[in-house]
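See below for coords37.txt, which holds compact mmCIF, C-alpha atoms.
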```
# COMPACT_ATOMS: atom_id res chain seq x y z
CA MET L 1 124.68 -5.27 80.74
CA LYS L 2 126.13 -8.69 81.44
CA VAL L 3 128.21 -9.90 78.52
CA LEU L 4 129.91 -13.26 78.01
CA ILE L 5 132.67 -13.30 75.39
CA MET L 6 134.07 -16.58 74.11
CA GLY L 7 137.62 -16.32 72.76
CA CYS L 8 140.25 -13.95 74.15
CA GLY L 9 142.10 -13.20 70.93
CA ARG L 10 142.88 -9.68 69.78
CA LEU L 11 139.25 -8.87 69.03
CA GLY L 12 137.83 -10.58 72.11
CA ALA L 13 140.30 -8.91 74.46
CA ARG L 14 139.76 -5.51 72.90
CA LEU L 15 135.98 -5.82 73.02
CA ALA L 16 136.20 -6.96 76.65
CA GLY L 17 138.29 -3.87 77.48
CA LEU L 18 135.89 -1.49 75.74
CA LEU L 19 132.77 -2.95 77.37
CA ASP L 20 134.51 -3.02 80.75
CA ASP L 21 135.41 0.68 80.37
CA GLY L 22 131.79 1.32 79.48
CA GLY L 23 130.73 -0.03 82.85
CA HIS L 24 129.40 -3.40 81.70
CA GLN L 25 129.88 -6.65 83.55
CA VAL L 26 132.15 -8.74 81.31
CA THR L 27 133.12 -12.40 81.55
CA ILE L 28 135.62 -13.70 79.01
CA LEU L 29 136.34 -17.35 78.28
CA ASP L 30 139.33 -18.94 76.58
CA MET L 31 140.82 -22.45 76.47
CA ASP L 32 144.30 -21.05 77.10
CA SER L 33 145.04 -18.88 80.13
CA TYR L 34 147.99 -17.38 78.22
CA ALA L 35 145.43 -15.58 76.01
CA PHE L 36 144.39 -13.41 78.94
CA ARG L 37 147.67 -11.50 78.67
CA ARG L 38 145.92 -9.52 75.94
CA LEU L 39 143.40 -8.06 78.40
CA PRO L 40 144.16 -4.48 79.48
CA SER L 41 145.68 -4.18 82.95
CA THR L 42 142.66 -2.14 84.00
CA PHE L 43 140.20 -4.97 83.23
CA HIS L 44 137.76 -5.53 86.11
CA GLY L 45 135.80 -8.40 84.63
CA THR L 46 136.15 -12.16 85.03
CA ALA L 47 138.50 -14.26 82.92
CA LEU L 48 137.82 -18.01 82.88
CA VAL L 49 139.69 -20.92 81.33
CA GLY L 50 137.41 -23.42 79.61
CA ASN L 51 135.88 -24.75 76.43
CA GLY L 52 132.83 -22.72 75.43
CA LEU L 53 131.36 -25.69 73.55
CA ASP L 54 130.82 -27.47 76.84
CA GLU L 55 127.46 -26.69 78.45
CA ASP L 56 128.85 -27.19 81.94
CA VAL L 57 131.64 -24.68 81.31
CA LEU L 58 129.16 -22.15 79.96
CA ARG L 59 126.92 -22.68 82.98
CA ARG L 60 129.87 -22.12 85.29
CA ALA L 61 130.65 -18.92 83.39
CA GLY L 62 127.13 -17.75 84.26
CA VAL L 63 125.66 -17.98 80.77
CA GLU L 64 122.14 -18.28 82.18
CA GLY L 65 122.08 -14.73 83.50
CA MET L 66 123.76 -13.08 80.51
CA ASP L 67 122.20 -10.37 78.34
CA VAL L 68 124.61 -10.90 75.46
CA PHE L 69 126.80 -13.79 74.28
CA VAL L 70 129.54 -13.11 71.72
CA ALA L 71 131.54 -15.90 70.04
CA LEU L 72 134.92 -14.73 68.75
CA THR L 73 137.17 -17.79 68.54
CA GLU L 74 139.21 -18.48 65.41
CA GLY L 75 136.89 -21.32 64.34
CA ASP L 76 133.71 -20.48 62.45
CA ASN L 77 132.09 -23.76 63.42
CA ARG L 78 133.05 -23.41 67.07
CA ASN L 79 131.49 -19.95 67.08
CA ILE L 80 128.33 -21.19 65.39
CA MET L 81 127.87 -24.13 67.73
CA SER L 82 128.52 -22.20 70.95
CA THR L 83 126.15 -19.45 69.81
CA GLU L 84 123.48 -22.04 69.11
CA ILE L 85 123.99 -23.54 72.57
CA ALA L 86 123.70 -20.08 74.18
CA LYS L 87 120.57 -19.29 72.17
CA HIS L 88 118.70 -22.59 72.17
CA ILE L 89 119.79 -24.27 75.40
CA PHE L 90 120.33 -21.25 77.66
CA ASN L 91 117.96 -18.75 76.03
CA VAL L 92 120.44 -15.86 76.10
CA PRO L 93 118.42 -12.91 74.69
CA ARG L 94 121.11 -11.70 72.30
CA VAL L 95 123.80 -13.81 70.65
CA ILE L 96 126.44 -12.56 68.23
CA CYS L 97 128.71 -14.78 66.19
CA ARG L 98 131.80 -14.15 64.08
CA ILE L 99 131.89 -16.22 60.88
CA TYR L 100 134.82 -15.60 58.53
CA ASP L 101 133.30 -17.57 55.65
CA PRO L 102 130.78 -15.19 53.99
CA LEU L 103 128.62 -17.96 52.50
CA ARG L 104 128.37 -19.77 55.81
CA GLN L 105 127.56 -16.47 57.48
CA GLN L 106 124.60 -15.89 55.15
CA VAL L 107 123.15 -19.31 55.89
CA PHE L 108 123.37 -18.96 59.66
CA GLU L 109 122.11 -15.37 59.59
CA SER L 110 119.03 -16.69 57.79
CA LEU L 111 118.69 -19.36 60.50
CA GLY L 112 118.21 -16.64 63.09
CA LEU L 113 121.69 -15.98 64.51
CA GLU L 114 123.11 -12.46 64.65
CA THR L 115 126.32 -12.87 62.68
CA PHE L 116 129.06 -10.81 61.09
CA SER L 117 131.78 -11.70 58.63
CA PRO L 118 135.08 -9.82 59.01
CA THR L 119 135.93 -10.96 55.49
CA THR L 120 132.96 -9.17 53.93
CA ILE L 121 133.32 -6.10 56.15
CA PHE L 122 137.05 -5.57 55.59
CA ALA L 123 136.91 -6.31 51.87
CA GLY L 124 134.25 -3.60 51.61
CA ILE L 125 136.25 -1.09 53.64
CA LEU L 126 139.47 -1.81 51.75
CA SER L 127 137.96 -1.58 48.29
CA GLU L 128 136.31 1.69 49.27
CA GLN L 129 139.59 3.05 50.58
CA ILE L 130 141.50 2.01 47.49
CA GLU L 131 138.95 3.55 45.16
CA LYS L 132 138.90 6.79 47.16
CA THR L 133 142.68 7.36 47.25
CA GLY L 134 143.43 5.75 43.88
CA MET B 135 121.21 -43.41 46.87
CA TYR B 136 123.65 -40.54 46.61
CA ILE B 137 125.35 -40.24 50.00
CA ILE B 138 127.92 -37.67 51.13
CA VAL B 139 130.24 -38.61 53.96
CA VAL B 140 132.14 -35.81 55.72
CA GLY B 141 135.35 -36.77 57.51
CA GLY B 142 137.88 -39.36 56.32
CA GLY B 143 139.00 -40.70 59.68
CA ARG B 144 138.54 -44.35 60.59
CA VAL B 145 134.78 -44.04 60.89
CA GLY B 146 134.47 -42.20 57.57
CA TYR B 147 136.75 -44.61 55.78
CA TYR B 148 135.00 -47.81 56.84
CA LEU B 149 131.59 -46.25 56.39
CA THR B 150 132.45 -45.18 52.83
CA LYS B 151 133.75 -48.63 52.07
CA ALA B 152 130.59 -50.27 53.39
CA LEU B 153 128.32 -47.88 51.48
CA LEU B 154 130.24 -48.50 48.25
CA ASP B 155 129.89 -52.24 48.78
CA GLU B 156 126.15 -51.70 49.00
CA LYS B 157 126.34 -50.01 45.58
CA HIS B 158 125.54 -46.52 46.76
CA GLU B 159 126.99 -43.49 45.03
CA VAL B 160 129.33 -42.04 47.65
CA VAL B 161 131.51 -38.95 47.90
CA LEU B 162 133.80 -38.58 50.89
CA VAL B 163 134.94 -35.08 51.88
CA GLU B 164 138.22 -34.81 53.77
CA LYS B 165 140.34 -31.74 54.62
CA ASP B 166 143.73 -33.43 54.73
CA SER B 167 145.23 -34.02 51.27
CA SER B 168 147.46 -36.93 52.28
CA ILE B 169 144.54 -38.80 53.87
CA CYS B 170 142.55 -38.05 50.74
CA ASP B 171 145.25 -39.46 48.46
CA ALA B 172 145.60 -42.60 50.54
CA ILE B 173 141.86 -43.25 50.43
CA ASN B 174 141.67 -42.62 46.69
CA ASP B 175 144.56 -45.03 46.08
CA GLU B 176 142.65 -47.70 47.89
CA LEU B 177 138.98 -47.12 47.07
CA GLY B 178 139.21 -45.40 43.67
CA SER B 179 138.41 -41.72 43.25
CA VAL B 180 135.80 -41.33 45.92
CA CYS B 181 137.42 -38.69 48.14
CA ILE B 182 137.30 -34.94 47.50
CA ARG B 183 139.73 -32.75 49.35
CA GLY B 184 137.92 -29.93 51.05
CA ASP B 185 136.16 -28.54 54.09
CA GLY B 186 132.77 -30.21 54.45
CA SER B 187 131.40 -27.21 56.28
CA GLU B 188 132.09 -24.88 53.39
CA VAL B 189 129.15 -24.01 51.18
CA ALA B 190 131.33 -23.83 48.04
CA VAL B 191 132.70 -27.36 48.57
CA LEU B 192 129.28 -28.83 49.25
CA SER B 193 127.92 -27.04 46.22
CA ASP B 194 130.69 -28.42 43.96
CA ILE B 195 129.90 -32.02 44.87
CA GLY B 196 126.19 -31.60 44.13
CA THR B 197 124.91 -31.69 47.68
CA ASN B 198 121.55 -30.41 46.44
CA ARG B 199 120.86 -33.80 44.85
CA ALA B 200 122.16 -35.87 47.77
CA ASP B 201 119.74 -38.20 49.52
CA MET B 202 121.76 -38.19 52.69
CA LEU B 203 124.72 -36.46 54.33
CA ILE B 204 126.60 -38.23 57.10
CA ALA B 205 129.08 -36.17 59.14
CA VAL B 206 131.58 -38.29 61.06
CA THR B 207 134.56 -36.06 61.85
CA GLY B 208 135.87 -36.16 65.41
CA ASP B 209 134.64 -32.63 66.11
CA ASP B 210 131.03 -32.06 67.06
CA GLU B 211 131.01 -28.45 65.86
CA ASP B 212 132.16 -29.43 62.36
CA ASN B 213 129.59 -32.22 62.14
CA LEU B 214 126.82 -29.92 63.32
CA VAL B 215 127.61 -27.19 60.80
CA SER B 216 127.94 -29.65 57.87
CA CYS B 217 124.54 -31.12 58.71
CA GLN B 218 122.88 -27.75 59.18
CA LEU B 219 124.22 -26.49 55.85
CA ALA B 220 123.10 -29.69 54.13
CA LYS B 221 119.66 -29.45 55.67
CA HIS B 222 118.93 -25.76 55.26
CA ARG B 223 121.03 -24.62 52.32
CA PHE B 224 120.87 -27.76 50.19
CA LYS B 225 117.60 -29.32 51.40
CA VAL B 226 119.14 -32.76 51.93
CA PRO B 227 116.28 -34.97 53.17
CA ARG B 228 118.31 -36.90 55.73
CA THR B 229 121.27 -35.76 57.81
CA VAL B 230 123.17 -38.02 60.16
CA SER B 231 125.77 -36.82 62.62
CA ARG B 232 128.32 -38.50 64.80
CA VAL B 233 128.28 -36.86 68.25
CA VAL B 234 131.35 -37.18 70.44
CA ASN B 235 130.11 -35.39 73.56
CA PRO B 236 126.83 -37.10 74.64
CA LYS B 237 125.60 -33.79 76.07
CA ASN B 238 125.42 -32.35 72.57
CA ALA B 239 122.88 -34.87 71.27
CA ALA B 240 119.92 -32.84 72.56
CA LEU B 241 121.15 -29.68 70.82
CA PHE B 242 121.65 -31.53 67.53
CA LYS B 243 118.11 -32.91 67.66
CA ARG B 244 116.74 -29.50 68.50
CA LEU B 245 118.50 -28.01 65.49
CA GLY B 246 116.90 -30.52 63.15
CA ILE B 247 119.64 -33.10 62.60
CA ASP B 248 117.66 -36.22 61.73
CA ILE B 249 119.83 -38.89 63.30
CA THR B 250 122.54 -38.50 65.90
CA VAL B 251 124.90 -41.32 66.73
CA VAL B 252 126.59 -40.84 70.05
CA SER B 253 129.63 -43.08 69.78
CA THR B 254 130.24 -43.09 73.52
CA ASN B 255 126.67 -44.29 74.18
CA VAL B 256 126.88 -46.95 71.49
CA ILE B 257 130.00 -48.39 73.10
CA LEU B 258 128.39 -48.21 76.54
CA GLU B 259 125.27 -50.01 75.32
CA ASN B 260 127.33 -52.74 73.74
CA ILE B 261 129.21 -53.25 76.97
CA GLU B 262 125.96 -53.26 78.94
CA ALA B 263 124.50 -55.88 76.61
CA GLU B 264 127.43 -58.15 77.43
CA VAL B 265 127.06 -57.74 81.17
CA PRO B 266 124.83 -60.69 82.15
CA THR B 267 123.14 -58.93 85.06
CA HIS B 268 121.95 -56.08 82.93
CA PRO B 269 118.33 -56.80 82.06
CA LEU B 270 117.59 -54.22 79.37
CA THR B 271 119.39 -53.45 76.13
CA HIS B 272 118.43 -50.81 73.61
CA LEU B 273 118.16 -52.20 70.13
CA LEU B 274 116.69 -49.30 68.18
CA SER B 275 115.20 -45.85 68.61
CA ILE B 276 112.45 -44.86 66.22
CA GLY B 277 112.92 -41.16 66.75
CA ASP B 278 109.98 -39.72 64.88
CA ARG B 279 107.53 -42.01 66.69
CA GLY B 280 109.14 -41.66 70.12
CA LEU B 281 109.46 -45.45 70.28
CA GLU B 282 112.24 -47.63 71.65
CA ILE B 283 112.78 -51.25 70.71
CA VAL B 284 114.39 -53.02 73.65
CA ASP B 285 115.61 -56.45 74.59
CA ILE B 286 114.68 -57.41 78.15
CA ARG B 287 115.97 -60.48 79.95
CA ILE B 288 113.72 -62.09 82.49
CA MET B 289 116.04 -62.62 85.42
CA PRO B 290 115.75 -65.78 87.59
CA ASP B 291 114.60 -63.71 90.59
CA SER B 292 112.06 -61.72 88.58
CA SER B 293 108.55 -61.47 90.01
CA VAL B 294 107.02 -62.12 86.56
CA SER B 295 108.77 -65.39 85.90
CA GLY B 296 106.02 -68.06 85.86
CA LYS B 297 103.27 -65.50 85.21
CA ALA B 298 101.12 -65.21 82.11
CA ILE B 299 101.50 -61.96 80.22
CA LYS B 300 97.87 -61.01 80.93
CA GLN B 301 98.71 -61.06 84.65
CA VAL B 302 101.54 -58.58 84.21
CA SER B 303 100.61 -54.91 84.26
CA LEU B 304 102.45 -53.27 81.40
CA PRO B 305 102.79 -49.51 80.96
CA SER B 306 100.41 -48.16 78.34
CA GLY B 307 101.79 -48.26 74.83
CA ALA B 308 104.30 -51.01 75.57
CA VAL B 309 104.00 -54.13 73.40
CA LEU B 310 105.81 -57.42 73.95
CA SER B 311 106.50 -58.52 70.39
CA LEU B 312 108.73 -61.56 70.49
CA ILE B 313 109.93 -64.12 73.01
CA ILE B 314 113.33 -65.75 72.50
CA ARG B 315 113.58 -68.86 74.62
CA LYS B 316 116.26 -71.52 74.79
CA GLY B 317 115.44 -74.68 72.89
CA VAL B 318 112.41 -73.39 70.96
CA ARG B 319 111.95 -71.19 67.94
CA PRO B 320 111.36 -67.51 68.74
CA PHE B 321 107.62 -66.90 68.94
CA VAL B 322 105.10 -64.10 69.13
CA PRO B 323 103.57 -64.16 72.60
CA THR B 324 99.83 -64.13 73.35
CA ALA B 325 98.11 -62.96 76.52
CA ASP B 326 98.32 -66.54 77.82
CA THR B 327 102.05 -66.97 77.23
CA VAL B 328 103.78 -67.75 80.51
CA LEU B 329 107.08 -65.93 80.97
CA GLN B 330 110.05 -67.97 82.12
CA ALA B 331 113.36 -67.07 83.68
CA GLU B 332 116.04 -66.55 81.02
CA ASP B 333 113.46 -65.55 78.39
CA ARG B 334 114.48 -62.65 76.26
CA VAL B 335 111.60 -60.37 75.39
CA ILE B 336 111.79 -58.00 72.45
CA ALA B 337 109.44 -55.15 73.20
CA ALA B 338 108.38 -51.84 71.69
CA THR B 339 107.77 -49.10 74.20
CA PRO B 340 107.25 -45.34 74.22
CA ALA B 341 110.58 -43.82 75.29
CA GLU B 342 109.08 -42.32 78.47
CA ALA B 343 107.62 -45.67 79.59
CA GLU B 344 110.90 -47.54 79.39
CA THR B 345 111.65 -47.47 83.09
CA ALA B 346 108.08 -48.50 83.91
CA LEU B 347 108.42 -51.44 81.52
CA ARG B 348 111.61 -52.57 83.23
CA VAL B 349 109.85 -52.42 86.59
CA SER B 350 106.80 -54.35 85.39
CA LEU B 351 109.04 -57.09 84.01
CA GLY B 352 110.61 -57.49 87.38
CA ASP B 353 113.80 -55.48 87.39
CA ALA B 354 114.08 -54.40 90.99
CA GLU B 355 116.92 -51.99 90.32
CA ALA B 356 115.02 -49.86 87.82
```
Rewrite the structure from the file as structure tokens, please.
Amino acid sequence: MKVLIMGCGRLGARLAGLLDDGGHQVTILDMDSYAFRRLPSTFHGTALVGNGLDEDVLRRAGVEGMDVFVALTEGDNRNIMSTEIAKHIFNVPRVICRIYDPLRQQVFESLGLETFSPTTIFAGILSEQIEKTG
Amino acid sequence: MYIIVVGGGRVGYYLTKALLDEKHEVVLVEKDSSICDAINDELGSVCIRGDGSEVAVLSDIGTNRADMLIAVTGDDEDNLVSCQLAKHRFKVPRTVSRVVNPKNAALFKRLGIDITVVSTNVILENIEAEVPTHPLTHLLSIGDRGLEIVDIRIMPDSSVSGKAIKQVSLPSGAVLSLIIRKGVRPFVPTADTVLQAEDRVIAATPAEAETALRVSLGDAEA
């Protein structure tokens, strides 16, 4: 699969490494080239500097031929907007978006984006863990 | 009307002030507490500190009864999300967004934002209107009808100057509605009205016929 990841933070870099190991063709985008230090030394994919909210940058990153687009920057709204660009302007078949704010996540999930909220997921895991060991 | 303004920068501040002067009920949402305090000191308690793209904040200020939400922060992504939440979560009938990057306007329209104001384009159009050789100025877009209201200057070298309107072939759907001519009161033209150099013609045209209209009124460059 061809995967475009926006945001090379801890999660983005780790996901890029995993998919790369799995034999997928990964392109990762970040505004700051310093972020690419997080990529594993074995990474074979492409790392590009640029703003994923800019259609021209996305086009240069090859968004048009991608199977999956994943938005993992720190900004919920940045993730939402870039995912909407990938879905509605470039017709990427599968788009996934991280939204920290659970209420915002629900709204955009209902608007047809594939979303996940780390806040909801981790709160669930933690409360389960506390109840189990406590 | 109850109007929510998101973003207390210069645009948000002056907009809020103008809307208050027009006796609207206005709430301004601004993230930065010191900006918020400064605005409240000056305009009375109109500004709520908070993130205008957060459902909880919008819910607290009664967005569900708002007639309009106007998002004017300097970040397109924040404006887009505020408007989408207002539209889909709170059913606000009219959403207006400032758009900084002109390329984003198409996306905003596609996602159902009712009105987009591209500040860069507005500035460009104003400059163009002041450039005397520029024959066409946009006055208004009537988005839901696909119509543009434009102001066209008949240039001295125009092929239509001296011709009656019935002799000019206009693109279908275009209507010349008003002639503004030096020395006389503005008037509604008839088929027999003869166009003169330096006339300004206010016309309504389907957006796609705009270039054709420019050509038929003698703009060689179009």
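Across the structure, CA of Ser41 (chain L) and CA of Asp20 (chain L) are spaced 11.4 Å apart.
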Can you check which parts of chain B lie within 8 Å of chain L? Per residue, the shortest pair of atoms and distance in Å to one decimal, counting only C-alpha atoms, sorted by chain and number, as a Markdown table.
```
| residue | atom | partner | partner_atom | distance |
| --- | --- | --- | --- | --- |
| B:Ser187 | CA | L:Asn77 | CA | 8.0 |
| B:Glu188 | CA | L:Arg104 | CA | 6.8 |
| B:Val189 | CA | L:Leu103 | CA | 6.2 |
| B:Ala190 | CA | L:Leu103 | CA | 7.9 |
| B:Glu211 | CA | L:Asn77 | CA | 5.4 |
| B:Asp212 | CA | L:Asn77 | CA | 5.8 |
| B:Leu214 | CA | L:Met81 | CA | 7.4 |
| B:Val215 | CA | L:Asn77 | CA | 6.2 |
| B:Leu219 | CA | L:Val107 | CA | 7.3 |
| B:His222 | CA | L:Val107 | CA | 7.7 |
| B:Arg223 | CA | L:Val107 | CA | 6.7 |
| B:Lys237 | CA | L:Glu55 | CA | 7.7 |
| B:Leu241 | CA | L:Ile85 | CA | 7.0 |
```
Go ahead and write the selection's residues with C-alpha atoms as a compact mmCIF listing (two decimals), keeping the file's coordinate frame.
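Saved result, out.txt, follows:
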```txt
# COMPACT_ATOMS: atom_id res chain seq x y z
CA SER B 187 131.40 -27.21 56.28
CA GLU B 188 132.09 -24.88 53.39
CA VAL B 189 129.15 -24.01 51.18
CA ALA B 190 131.33 -23.83 48.04
CA GLU B 211 131.01 -28.45 65.86
CA ASP B 212 132.16 -29.43 62.36
CA LEU B 214 126.82 -29.92 63.32
CA VAL B 215 127.61 -27.19 60.80
CA LEU B 219 124.22 -26.49 55.85
CA HIS B 222 118.93 -25.76 55.26
CA ARG B 223 121.03 -24.62 52.32
CA LYS B 237 125.60 -33.79 76.07
CA LEU B 241 121.15 -29.68 70.82
```
Legend entry - Pick from L:Ala71, L:Val26, L:Ile130, L:Ala123, whichever lies nearest to Ile99 (chain L) using all atoms listed in the file: L:Ala71
Legend entry - Residue with smallest distance to Asn91 (chain L) - pool L:Gly17, L:Glu64, L:Glu109, L:Ser117, counting all atoms listed in the file: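 Answer, going by the shortest atom-to-atom distance: L:Glu64.
Take the candidates B:Glu156, B:Glu164, B:Asp291, B:Glu344 and check each one against Arg144 (chain B) using all atoms listed in the file; the shortest distance goes to B:Glu164.
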Inset, instruction - Have a look at CA of Thr119 (chain L) and CA of Leu18 (chain L) and let me know their distance in Å, one decimal. - result: 22.4 Å
Inset, instruction - In Å, rounded to a single decimal, give me how far CA of Ala240 (chain B) is from CA of Ile286 (chain B). - result: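 Computing it gives 25.7 Å between the two atoms.
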Inset, instruction - Mind checking which residues fall within 9 Å of Met1 (chain L), counting all atoms listed in the file, ignoring those fewer than 3 positions away in the same chain, and posting them as number ranges by chain? - result: L: 23-26, 66-68
Inset, instruction - Point out the residue among B:Ile138, B:Val145, B:Val226, B:Leu312 with the least atom-to-atom distance to His158 (chain B), counting all atoms listed in the file. - result: B:Ile138
Which polymer residues have any atom within 9 Å of an atom of Thr229 (chain B), counting all atoms listed in the file, with same-chain residues fewer than 5 positions away left out, as a PDB file with C-alpha atoms, in the frame of the given file?
```pdb
ATOM      1  CA  ASP B 201     119.740 -38.200  49.520  1.00  0.00           C
ATOM      2  CA  MET B 202     121.760 -38.190  52.690  1.00  0.00           C
ATOM      3  CA  LEU B 203     124.720 -36.460  54.330  1.00  0.00           C
ATOM      4  CA  ILE B 204     126.600 -38.230  57.100  1.00  0.00           C
ATOM      5  CA  ALA B 205     129.080 -36.170  59.140  1.00  0.00           C
ATOM      6  CA  CYS B 217     124.540 -31.120  58.710  1.00  0.00           C
ATOM      7  CA  GLN B 218     122.880 -27.750  59.180  1.00  0.00           C
ATOM      8  CA  ALA B 220     123.100 -29.690  54.130  1.00  0.00           C
ATOM      9  CA  LYS B 221     119.660 -29.450  55.670  1.00  0.00           C
ATOM     10  CA  GLY B 246     116.900 -30.520  63.150  1.00  0.00           C
ATOM     11  CA  ILE B 247     119.640 -33.100  62.600  1.00  0.00           C
ATOM     12  CA  ASP B 248     117.660 -36.220  61.730  1.00  0.00           C
ATOM     13  CA  ILE B 249     119.830 -38.890  63.300  1.00  0.00           C
ATOM     14  CA  THR B 250     122.540 -38.500  65.900  1.00  0.00           C
TER      15      THR B 250
END
```
Inset, instruction - Rank L:Leu19, L:Cys97, L:Ile28, L:Leu126 by their smallest atom-to-atom distance to Leu58 (chain L), using only C-alpha atoms, and report the top residue only. - result: L:Ile28
Legend entry - Nearest candidate to Leu113 (chain L) (options L:Met31, L:Ile125, L:Val92, L:Met6; using all atoms listed in the file):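 Between L:Met31, L:Ile125, L:Val92, L:Met6, the residue approaching Leu113 (chain L) most closely is L:Val92.
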Inset, instruction - For region 251-253 of chain B, work out the shell of residues within 9 Å, counting all atoms listed in the file and skipping chain neighbours fewer than 2 positions away, then give it as a list in words. - result: Val230, Ser231, Arg232, Val233, Val234, Asn235, Pro236, Asn238, Ala239, Ile249, Asn255, Val256, Ile257 and Leu258 of chain B
Using all atoms of region 310-313 of chain B that appear in the file, construct an axis-aligned enclosing box with 8 Å of padding on every side and provide its centre coordinates and edge lengths in Å, rounded to one decimal, as AutoDock Vina command-line options.
```
--center_x 107.9 --center_y -60.8 --center_z 72.2 --size_x 20.1 --size_y 22.7 --size_z 19.6
```
How would region 28-84 of chain L of the given structure read as a file with C-alpha atoms, as an mmCIF file, in the first residue's frame?
```
data_model
loop_
_atom_site.group_PDB
_atom_site.id
_atom_site.type_symbol
_atom_site.label_atom_id
_atom_site.label_comp_id
_atom_site.auth_asym_id
_atom_site.auth_seq_id
_atom_site.Cartn_x
_atom_site.Cartn_y
_atom_site.Cartn_z
ATOM 1 C CA ILE L 28 5.984 11.219 5.667
ATOM 2 C CA LEU L 29 5.505 14.980 5.767
ATOM 3 C CA ASP L 30 6.482 17.482 8.443
ATOM 4 C CA MET L 31 7.002 21.255 8.536
ATOM 5 C CA ASP L 32 10.276 20.810 10.421
ATOM 6 C CA SER L 33 13.075 18.635 9.035
ATOM 7 C CA TYR L 34 14.369 18.196 12.597
ATOM 8 C CA ALA L 35 11.310 15.985 13.258
ATOM 9 C CA PHE L 36 12.687 13.343 10.908
ATOM 10 C CA ARG L 37 15.324 12.434 13.499
ATOM 11 C CA ARG L 38 12.589 10.321 15.077
ATOM 12 C CA LEU L 39 12.422 8.001 12.053
ATOM 13 C CA PRO L 40 14.235 4.682 12.541
ATOM 14 C CA SER L 41 17.611 4.476 10.813
ATOM 15 C CA THR L 42 16.280 1.594 8.735
ATOM 16 C CA PHE L 43 13.471 3.706 7.205
ATOM 17 C CA HIS L 44 13.321 3.302 3.411
ATOM 18 C CA GLY L 45 10.452 5.653 2.711
ATOM 19 C CA THR L 46 10.383 9.310 1.694
ATOM 20 C CA ALA L 47 10.539 12.163 4.186
ATOM 21 C CA LEU L 48 9.409 15.570 2.900
ATOM 22 C CA VAL L 49 9.420 19.019 4.482
ATOM 23 C CA GLY L 50 6.214 20.955 3.882
ATOM 24 C CA ASN L 51 2.846 22.116 5.117
ATOM 25 C CA GLY L 52 0.203 19.433 4.617
ATOM 26 C CA LEU L 53 -2.556 22.061 4.484
ATOM 27 C CA ASP L 54 -1.189 23.294 1.184
ATOM 28 C CA GLU L 55 -2.633 21.486 -1.828
ATOM 29 C CA ASP L 56 0.536 22.006 -3.838
ATOM 30 C CA VAL L 57 2.663 20.426 -1.118
ATOM 31 C CA LEU L 58 0.315 17.450 -0.900
ATOM 32 C CA ARG L 59 0.412 17.057 -4.671
ATOM 33 C CA ARG L 60 4.198 17.104 -4.611
ATOM 34 C CA ALA L 61 4.104 14.435 -1.904
ATOM 35 C CA GLY L 62 2.139 12.281 -4.341
ATOM 36 C CA VAL L 63 -1.207 12.431 -2.549
ATOM 37 C CA GLU L 64 -3.061 11.622 -5.768
ATOM 38 C CA GLY L 65 -1.725 8.076 -5.962
ATOM 39 C CA MET L 66 -2.058 7.243 -2.261
ATOM 40 C CA ASP L 67 -4.184 4.437 -0.835
ATOM 41 C CA VAL L 68 -4.221 5.872 2.674
ATOM 42 C CA PHE L 69 -3.736 9.350 4.159
ATOM 43 C CA VAL L 70 -3.137 9.691 7.910
ATOM 44 C CA ALA L 71 -3.092 13.075 9.700
ATOM 45 C CA LEU L 72 -1.130 12.994 12.956
ATOM 46 C CA THR L 73 -0.019 16.558 13.686
ATOM 47 C CA GLU L 74 -0.529 18.082 17.129
ATOM 48 C CA GLY L 75 -3.400 20.263 15.912
ATOM 49 C CA ASP L 76 -6.889 18.779 15.725
ATOM 50 C CA ASN L 77 -8.031 21.377 13.224
ATOM 51 C CA ARG L 78 -4.965 20.959 11.047
ATOM 52 C CA ASN L 79 -5.612 17.221 10.974
ATOM 53 C CA ILE L 80 -9.278 17.703 10.133
ATOM 54 C CA MET L 81 -8.626 20.173 7.332
ATOM 55 C CA SER L 82 -5.808 18.193 5.695
ATOM 56 C CA THR L 83 -7.905 15.021 5.865
ATOM 57 C CA GLU L 84 -10.794 16.843 4.217
#
```
